[in-house]
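*Asks:* Got a structure for you, questions after.
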Number of protein chains: 2
Amino acid sequence: MMNTQNMEQKLRDAGMRPTRQRMSLGKLLFGSGDRHITAEQLHVETVQAGVAVSLATIYNTLNQFTEAGLLREVAVEGHKSYFDTNTSNHCHYYLEGEGRLIDIDGEQLTVDGLPLPPAGMKIGRIDIIVRLEKDRG
Amino acid sequence: MMNTQNMEQKLRDAGMRPTRQRMSLGKLLFGSGDRHITAEQLHVETVQAGVAVSLATIYNTLNQFTEAGLLREVAVEGHKSYFDTNTSNHCHYYLEGEGRLIDIDGEQLTVDGLPLPPAGMKIGRIDIIVRLEKDRG
DNA sequence: ATTTGTGCAAATCGTTTGCATCTGA
DNA sequence: TCAGATGCAAACGATTTGCACAAAT
């Protein structure tokens, strides 16, 4: 569970002021295990929680959190972005139909046969998305 | 090289009428090896080639081609979509700075340790994007 | 002749930004 | 006090859509 003091510290460590809005968003994001969420979904949650934060501020905050390394952005389809509270090395299942992401524990997952990157370049991150579809059989 | 007859046949096989616009786009897309291109880039090419096709038609056509399996859509960042003329099993390097995609020959690349998909689901496709950054060292 | 495709402009969606106001240190 | 944060609405870029017109079968 993420309490007020923890959250405040987390924000300060990231060089951000613990404002009402950031505290609320932080608690929703980090208060209950790993999450994959869009800005729009988070906005709905704030309204439901009675702590409404404007959509613009949600976008700004998600971007700040991502820059600070508290979140990781996941690109699945050419439009909306998902933000993942699990920033460790892992991959995702993507349920096309539901538009939902599920973590795959990355520890036992390995990629073999990767050629050396072009000269002057180095690997930043490897994103692996396993797209799932209904198995009618 | 992709000539007029080949292209016409390709379109008919995919259940599409060989219109002037689709023929032009098809030749640009499939006429010179594997390509990764955005709608906007393709639009510029049609203008340069003197066969201007409206942007709306380009989007519609790219989507139709993708549905027909002639193209594969690659999601790299939360906004623009890339279309890949290589629909075989392979992965990509993504050059963040340049916004450019490069094929990684997928044959020798293997993923190990993938858990079984959740019940009732099957794996549709695995997208692997290796993000490259400048190596200052 | 009938169906399908195209172009344009307007609509939409997700996201960002300008600016006046407010808030935390 | 005052840099930094917020909210709103307008701006934005990428993509889609409605509809009148044109082209393919």
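Residues are referred to by chain and number: the chain letter is A, B, ... according to the order shown in the structure tokens, the number counts from 1 in that chain, and ligands are numbered separately from 1 in the order shown.
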Could I get the residues of chain B with an atom no further than 6 Å from an atom of chain A, each paired with its nearest atom pair and that distance in Å to one decimal, using only C-alpha atoms, sorted by chain and residue number, as a tab-separated table?
*Replies:*
residue	atom	partner	partner_atom	distance
B:Ala75	CA	A:Glu77	CA	5.3
B:Val76	CA	A:Ala75	CA	5.9
B:Glu77	CA	A:Ala75	CA	5.4
B:Gly78	CA	A:Ser81	CA	5.3
B:His79	CA	A:His79	CA	5.1
B:Lys80	CA	A:Gly78	CA	5.7
B:Ser81	CA	A:Gly78	CA	5.1
B:Gln108	CA	A:Gly113	CA	5.3
B:Leu109	CA	A:Gly113	CA	4.5
B:Thr110	CA	A:Asp112	CA	5.1
B:Val111	CA	A:Val111	CA	4.6
B:Asp112	CA	A:Thr110	CA	5.1
B:Gly113	CA	A:Leu109	CA	4.5
B:Leu114	CA	A:Leu109	CA	5.9
B:Gly120	CA	A:Asp135	CA	5.1
B:Met121	CA	A:Lys134	CA	4.6
B:Lys122	CA	A:Asp135	CA	5.3
B:Ile123	CA	A:Leu132	CA	4.6
B:Gly124	CA	A:Leu132	CA	5.2
B:Arg125	CA	A:Arg131	CA	5.2
B:Ile126	CA	A:Val130	CA	4.5
B:Asp127	CA	A:Ile129	CA	5.1
B:Ile128	CA	A:Ile128	CA	4.5
B:Ile129	CA	A:Asp127	CA	5.1
B:Val130	CA	A:Ile126	CA	4.4
B:Arg131	CA	A:Arg125	CA	5.3
B:Leu132	CA	A:Ile123	CA	4.6
B:Glu133	CA	A:Lys122	CA	5.5
B:Lys134	CA	A:Met121	CA	4.7
B:Asp135	CA	A:Met121	CA	4.7
*Asks:* Per residue of chain D within 12 Å of chain A, which atom pair is closest and at what distance in Å (one decimal), using only C-alpha atoms (C1' of nucleotides), listed by chain and increasing number, as JSON lines?
*Replies:*
{"residue": "D:DA3", "atom": "C1'", "partner": "A:Arg17", "partner_atom": "CA", "distance": 11.5}
{"residue": "D:DG4", "atom": "C1'", "partner": "A:Arg17", "partner_atom": "CA", "distance": 8.5}
{"residue": "D:DA5", "atom": "C1'", "partner": "A:Thr19", "partner_atom": "CA", "distance": 7.9}
{"residue": "D:DT6", "atom": "C1'", "partner": "A:Thr57", "partner_atom": "CA", "distance": 6.8}
{"residue": "D:DG7", "atom": "C1'", "partner": "A:Ser54", "partner_atom": "CA", "distance": 6.4}
{"residue": "D:DC8", "atom": "C1'", "partner": "A:Ser54", "partner_atom": "CA", "distance": 8.7}
{"residue": "D:DA9", "atom": "C1'", "partner": "A:Ala56", "partner_atom": "CA", "distance": 10.8}
{"residue": "D:DG13", "atom": "C1'", "partner": "A:His79", "partner_atom": "CA", "distance": 11.2}
{"residue": "D:DA14", "atom": "C1'", "partner": "A:His79", "partner_atom": "CA", "distance": 8.4}
{"residue": "D:DT15", "atom": "C1'", "partner": "A:His79", "partner_atom": "CA", "distance": 9.1}
*Asks:* Take the residues from that selection and put them in a file with N, CA and C atoms (P, O5', C5', C4', C3', O3' and C1' of nucleotides), as a PDB file, in the first residue's frame.
*Replies:*
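New file result.pdb:
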ATOM      1  P    DA D   3      10.489  33.974  -9.676  1.00  0.00           P
ATOM      2  O5'  DA D   3      10.881  32.488 -10.086  1.00  0.00           O
ATOM      3  C5'  DA D   3      11.788  31.738  -9.283  1.00  0.00           C
ATOM      4  C4'  DA D   3      11.240  30.344  -9.042  1.00  0.00           C
ATOM      5  C3'  DA D   3      11.011  29.530 -10.314  1.00  0.00           C
ATOM      6  O3'  DA D   3      11.364  28.182 -10.045  1.00  0.00           O
ATOM      7  C1'  DA D   3       8.953  29.778  -9.158  1.00  0.00           C
ATOM      8  P    DG D   4      11.359  27.068 -11.179  1.00  0.00           P
ATOM      9  O5'  DG D   4      10.017  26.267 -10.872  1.00  0.00           O
ATOM     10  C5'  DG D   4       9.770  25.760  -9.578  1.00  0.00           C
ATOM     11  C4'  DG D   4       8.331  25.305  -9.499  1.00  0.00           C
ATOM     12  C3'  DG D   4       7.893  24.445 -10.696  1.00  0.00           C
ATOM     13  O3'  DG D   4       7.229  23.327 -10.161  1.00  0.00           O
ATOM     14  C1'  DG D   4       6.352  26.190 -10.344  1.00  0.00           C
ATOM     15  P    DA D   5       6.602  22.221 -11.067  1.00  0.00           P
ATOM     16  O5'  DA D   5       5.039  22.503 -10.884  1.00  0.00           O
ATOM     17  C5'  DA D   5       4.504  22.487  -9.565  1.00  0.00           C
ATOM     18  C4'  DA D   5       2.997  22.557  -9.633  1.00  0.00           C
ATOM     19  C3'  DA D   5       2.352  21.620 -10.651  1.00  0.00           C
ATOM     20  O3'  DA D   5       1.224  21.050 -10.026  1.00  0.00           O
ATOM     21  C1'  DA D   5       1.718  23.854 -11.101  1.00  0.00           C
ATOM     22  P    DT D   6       0.314  20.053 -10.779  1.00  0.00           P
ATOM     23  O5'  DT D   6      -0.878  21.003 -11.205  1.00  0.00           O
ATOM     24  C5'  DT D   6      -1.713  21.563 -10.197  1.00  0.00           C
ATOM     25  C4'  DT D   6      -2.800  22.389 -10.830  1.00  0.00           C
ATOM     26  C3'  DT D   6      -3.659  21.639 -11.846  1.00  0.00           C
ATOM     27  O3'  DT D   6      -4.983  21.592 -11.340  1.00  0.00           O
ATOM     28  C1'  DT D   6      -2.996  23.792 -12.653  1.00  0.00           C
ATOM     29  P    DG D   7      -6.093  20.746 -12.027  1.00  0.00           P
ATOM     30  O5'  DG D   7      -6.781  21.852 -12.943  1.00  0.00           O
ATOM     31  C5'  DG D   7      -7.493  22.905 -12.319  1.00  0.00           C
ATOM     32  C4'  DG D   7      -8.099  23.795 -13.369  1.00  0.00           C
ATOM     33  C3'  DG D   7      -8.924  23.040 -14.413  1.00  0.00           C
ATOM     34  O3'  DG D   7     -10.156  23.741 -14.549  1.00  0.00           O
ATOM     35  C1'  DG D   7      -7.238  24.355 -15.474  1.00  0.00           C
ATOM     36  P    DC D   8     -11.427  23.058 -15.157  1.00  0.00           P
ATOM     37  O5'  DC D   8     -11.640  23.848 -16.533  1.00  0.00           O
ATOM     38  C5'  DC D   8     -11.691  25.282 -16.525  1.00  0.00           C
ATOM     39  C4'  DC D   8     -11.174  25.815 -17.836  1.00  0.00           C
ATOM     40  C3'  DC D   8     -11.776  25.133 -19.073  1.00  0.00           C
ATOM     41  O3'  DC D   8     -12.775  25.992 -19.610  1.00  0.00           O
ATOM     42  C1'  DC D   8      -9.444  25.674 -19.310  1.00  0.00           C
ATOM     43  P    DA D   9     -13.715  25.474 -20.835  1.00  0.00           P
ATOM     44  O5'  DA D   9     -13.245  26.453 -22.009  1.00  0.00           O
ATOM     45  C5'  DA D   9     -12.345  27.538 -21.745  1.00  0.00           C
ATOM     46  C4'  DA D   9     -11.474  27.767 -22.965  1.00  0.00           C
ATOM     47  C3'  DA D   9     -12.086  27.294 -24.274  1.00  0.00           C
ATOM     48  O3'  DA D   9     -11.700  28.199 -25.309  1.00  0.00           O
ATOM     49  C1'  DA D   9     -10.046  26.194 -23.950  1.00  0.00           C
ATOM     50  P    DG D  13       0.529  20.848 -36.199  1.00  0.00           P
ATOM     51  O5'  DG D  13       0.467  19.261 -36.171  1.00  0.00           O
ATOM     52  C5'  DG D  13       1.285  18.538 -35.265  1.00  0.00           C
ATOM     53  C4'  DG D  13       0.887  17.086 -35.333  1.00  0.00           C
ATOM     54  C3'  DG D  13       0.880  16.527 -36.760  1.00  0.00           C
ATOM     55  O3'  DG D  13       1.486  15.241 -36.729  1.00  0.00           O
ATOM     56  C1'  DG D  13      -1.268  16.279 -35.779  1.00  0.00           C
ATOM     57  P    DA D  14       1.668  14.451 -38.079  1.00  0.00           P
ATOM     58  O5'  DA D  14       0.597  13.277 -37.910  1.00  0.00           O
ATOM     59  C5'  DA D  14       0.729  12.400 -36.809  1.00  0.00           C
ATOM     60  C4'  DA D  14      -0.507  11.533 -36.742  1.00  0.00           C
ATOM     61  C3'  DA D  14      -0.779  10.757 -38.033  1.00  0.00           C
ATOM     62  O3'  DA D  14      -1.011   9.404 -37.694  1.00  0.00           O
ATOM     63  C1'  DA D  14      -2.711  11.962 -37.358  1.00  0.00           C
ATOM     64  P    DT D  15      -1.231   8.328 -38.851  1.00  0.00           P
ATOM     65  O5'  DT D  15      -2.829   8.278 -38.959  1.00  0.00           O
ATOM     66  C5'  DT D  15      -3.573   7.827 -37.834  1.00  0.00           C
ATOM     67  C4'  DT D  15      -5.041   8.096 -38.052  1.00  0.00           C
ATOM     68  C3'  DT D  15      -5.647   7.365 -39.248  1.00  0.00           C
ATOM     69  O3'  DT D  15      -6.525   6.362 -38.736  1.00  0.00           O
ATOM     70  C1'  DT D  15      -6.482   9.579 -39.011  1.00  0.00           C
TER      71       DT D  15
END
*Asks:* Gln5 (chain A): which residues within 12 Å, counting only C-alpha atoms (C1' of nucleotides), same-chain residues fewer than 3 positions away excluded, as a PyMOL selection string?
*Replies:* chain A and resi 1-2+8-12+18+23+26-27
*Asks:* Could you work out which residues of chain C fall inside 12 Å of chain A? Count only C-alpha atoms (C1' of nucleotides), and format the result as a PyMOL selection string.
*Replies:* chain C and resi 13-17+22-25
*Asks:* Give me the residues near DT3 (chain C) as a PyMOL selection string, where near means some atom within 12 Å (using only C-alpha atoms (C1' of nucleotides)) and where sequence neighbours in that chain fewer than 5 positions away do not count.
*Replies:* (chain B and resi 17) or (chain D and resi 23-25)
*Asks:* Which parts of chain B does DSSP call strand (DSSP E) when run on the backbone here, written out as an NGL selection string?
*Replies:* :B and (36-37 or 72-75 or 81-84 or 91-95 or 100-104 or 110-112 or 121-134)
*Asks:* Just to be explicit: take each residue in the selection above, keep N, CA and C atoms, and write the result as a compact mmCIF listing (two decimals), in the first residue's frame.
*Replies:*
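The resulting file, selection-v2.txt, is shown below:
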# COMPACT_ATOMS: atom_id res chain seq x y z
N HIS B 36 9.49 0.81 -45.22
CA HIS B 36 8.72 1.20 -44.03
C HIS B 36 8.32 2.63 -44.25
N ILE B 37 7.03 2.86 -44.33
CA ILE B 37 6.60 4.17 -44.78
C ILE B 37 5.34 4.62 -44.05
N ARG B 72 1.98 -4.76 -43.37
CA ARG B 72 1.91 -4.99 -41.94
C ARG B 72 2.10 -3.65 -41.24
N GLU B 73 1.27 -3.37 -40.26
CA GLU B 73 1.35 -2.10 -39.56
C GLU B 73 2.27 -2.27 -38.36
N VAL B 74 3.14 -1.30 -38.16
CA VAL B 74 4.07 -1.36 -37.04
C VAL B 74 3.86 -0.15 -36.14
N ALA B 75 3.56 -0.40 -34.88
CA ALA B 75 3.36 0.67 -33.90
C ALA B 75 4.66 0.91 -33.16
N SER B 81 1.69 5.86 -37.59
CA SER B 81 1.82 4.45 -37.91
C SER B 81 2.75 4.24 -39.09
N TYR B 82 3.55 3.20 -39.01
CA TYR B 82 4.39 2.81 -40.12
C TYR B 82 3.78 1.59 -40.78
N PHE B 83 3.91 1.53 -42.10
CA PHE B 83 3.45 0.37 -42.83
C PHE B 83 4.66 -0.30 -43.46
N ASP B 84 4.73 -1.61 -43.29
CA ASP B 84 5.89 -2.39 -43.69
C ASP B 84 5.50 -3.31 -44.85
N CYS B 91 11.70 -8.75 -37.16
CA CYS B 91 11.64 -7.72 -36.12
C CYS B 91 12.26 -6.44 -36.64
N HIS B 92 12.24 -5.40 -35.80
CA HIS B 92 12.72 -4.10 -36.24
C HIS B 92 13.66 -3.41 -35.26
N TYR B 93 14.60 -2.71 -35.84
CA TYR B 93 15.32 -1.69 -35.11
C TYR B 93 14.53 -0.41 -35.29
N TYR B 94 14.50 0.40 -34.26
CA TYR B 94 13.87 1.71 -34.40
C TYR B 94 14.87 2.77 -33.97
N LEU B 95 15.18 3.69 -34.87
CA LEU B 95 16.09 4.77 -34.55
C LEU B 95 15.27 5.94 -34.04
N ARG B 100 13.15 6.23 -37.82
CA ARG B 100 13.32 5.32 -38.94
C ARG B 100 13.32 3.87 -38.47
N LEU B 101 12.73 3.00 -39.26
CA LEU B 101 12.68 1.57 -38.95
C LEU B 101 13.62 0.80 -39.87
N ILE B 102 14.27 -0.21 -39.32
CA ILE B 102 15.15 -1.07 -40.11
C ILE B 102 14.80 -2.52 -39.81
N ASP B 103 14.68 -3.33 -40.84
CA ASP B 103 14.38 -4.75 -40.62
C ASP B 103 15.52 -5.47 -39.94
N ILE B 104 15.15 -6.40 -39.07
CA ILE B 104 16.12 -7.37 -38.57
C ILE B 104 15.68 -8.69 -39.16
N THR B 110 15.20 -15.82 -32.08
CA THR B 110 14.24 -16.68 -31.39
C THR B 110 13.93 -16.14 -30.00
N VAL B 111 12.71 -16.38 -29.57
CA VAL B 111 12.29 -15.97 -28.24
C VAL B 111 12.05 -17.22 -27.41
N ASP B 112 12.70 -17.29 -26.27
CA ASP B 112 12.57 -18.46 -25.39
C ASP B 112 11.92 -18.08 -24.07
N MET B 121 -7.08 -18.26 -25.42
CA MET B 121 -6.37 -17.27 -26.24
C MET B 121 -5.25 -17.97 -26.99
N LYS B 122 -4.95 -17.42 -28.16
CA LYS B 122 -3.77 -17.92 -28.86
C LYS B 122 -2.94 -16.76 -29.38
N ILE B 123 -1.68 -17.04 -29.60
CA ILE B 123 -0.77 -15.99 -30.02
C ILE B 123 -1.01 -15.63 -31.48
N GLY B 124 -1.26 -14.36 -31.73
CA GLY B 124 -1.49 -13.92 -33.09
C GLY B 124 -0.20 -13.53 -33.76
N ARG B 125 0.57 -12.71 -33.08
CA ARG B 125 1.80 -12.20 -33.66
C ARG B 125 2.67 -11.70 -32.53
N ILE B 126 3.95 -11.78 -32.71
CA ILE B 126 4.86 -11.23 -31.72
C ILE B 126 5.62 -10.08 -32.36
N ASP B 127 5.45 -8.90 -31.78
CA ASP B 127 6.16 -7.73 -32.30
C ASP B 127 7.35 -7.44 -31.41
N ILE B 128 8.50 -7.38 -32.04
CA ILE B 128 9.71 -7.05 -31.29
C ILE B 128 10.34 -5.81 -31.90
N ILE B 129 10.49 -4.80 -31.08
CA ILE B 129 11.13 -3.57 -31.53
C ILE B 129 12.34 -3.29 -30.67
N VAL B 130 13.50 -3.25 -31.32
CA VAL B 130 14.74 -2.95 -30.62
C VAL B 130 15.04 -1.47 -30.82
N ARG B 131 14.94 -0.72 -29.74
CA ARG B 131 15.15 0.72 -29.85
C ARG B 131 16.63 1.06 -29.75
N LEU B 132 17.12 1.75 -30.75
CA LEU B 132 18.54 2.10 -30.79
C LEU B 132 18.74 3.57 -30.46
N GLU B 133 19.84 3.84 -29.77
CA GLU B 133 20.21 5.22 -29.51
C GLU B 133 21.68 5.41 -29.85
N LYS B 134 22.06 6.66 -30.00
CA LYS B 134 23.45 6.95 -30.34
C LYS B 134 24.37 6.44 -29.24
*Asks:* Taking the backbone alone, and naming residues the way the document does, which bits of region 26-125 of chain A are alpha helix (DSSP H) by DSSP, as number ranges by chain?
*Replies:* A: 26-30, 39-48, 55-67
*Asks:* Find the distance between CA of Val51 (chain A) and CA of Gly31 (chain A) and write it in Å to one decimal.
*Replies:* 15.0 Å
*Asks:* Please report the interatomic distance between C1' of DC12 (chain D) and C1' of DT21 (chain C) in Å with one decimal.
*Replies:* 24.0 Å
*Asks:* Pick out the residues sitting within 8 Å of Thr85 (chain B), and hand them over as a list in words; count only C-alpha atoms (C1' of nucleotides), and ignore anything fewer than 6 positions along from it in its own chain.
*Replies:*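 Near neighbours after the sequence-gap exclusion: Leu29, Phe30, Asp34, Arg35, His36, Leu70, Leu71 and Arg72 of chain B.
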*Asks:* Between CA of Ala68 (chain B) and CA of Thr87 (chain B), measure the distance and give it in Å to one decimal.
*Replies:*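 These two atoms are separated by 11.0 Å.
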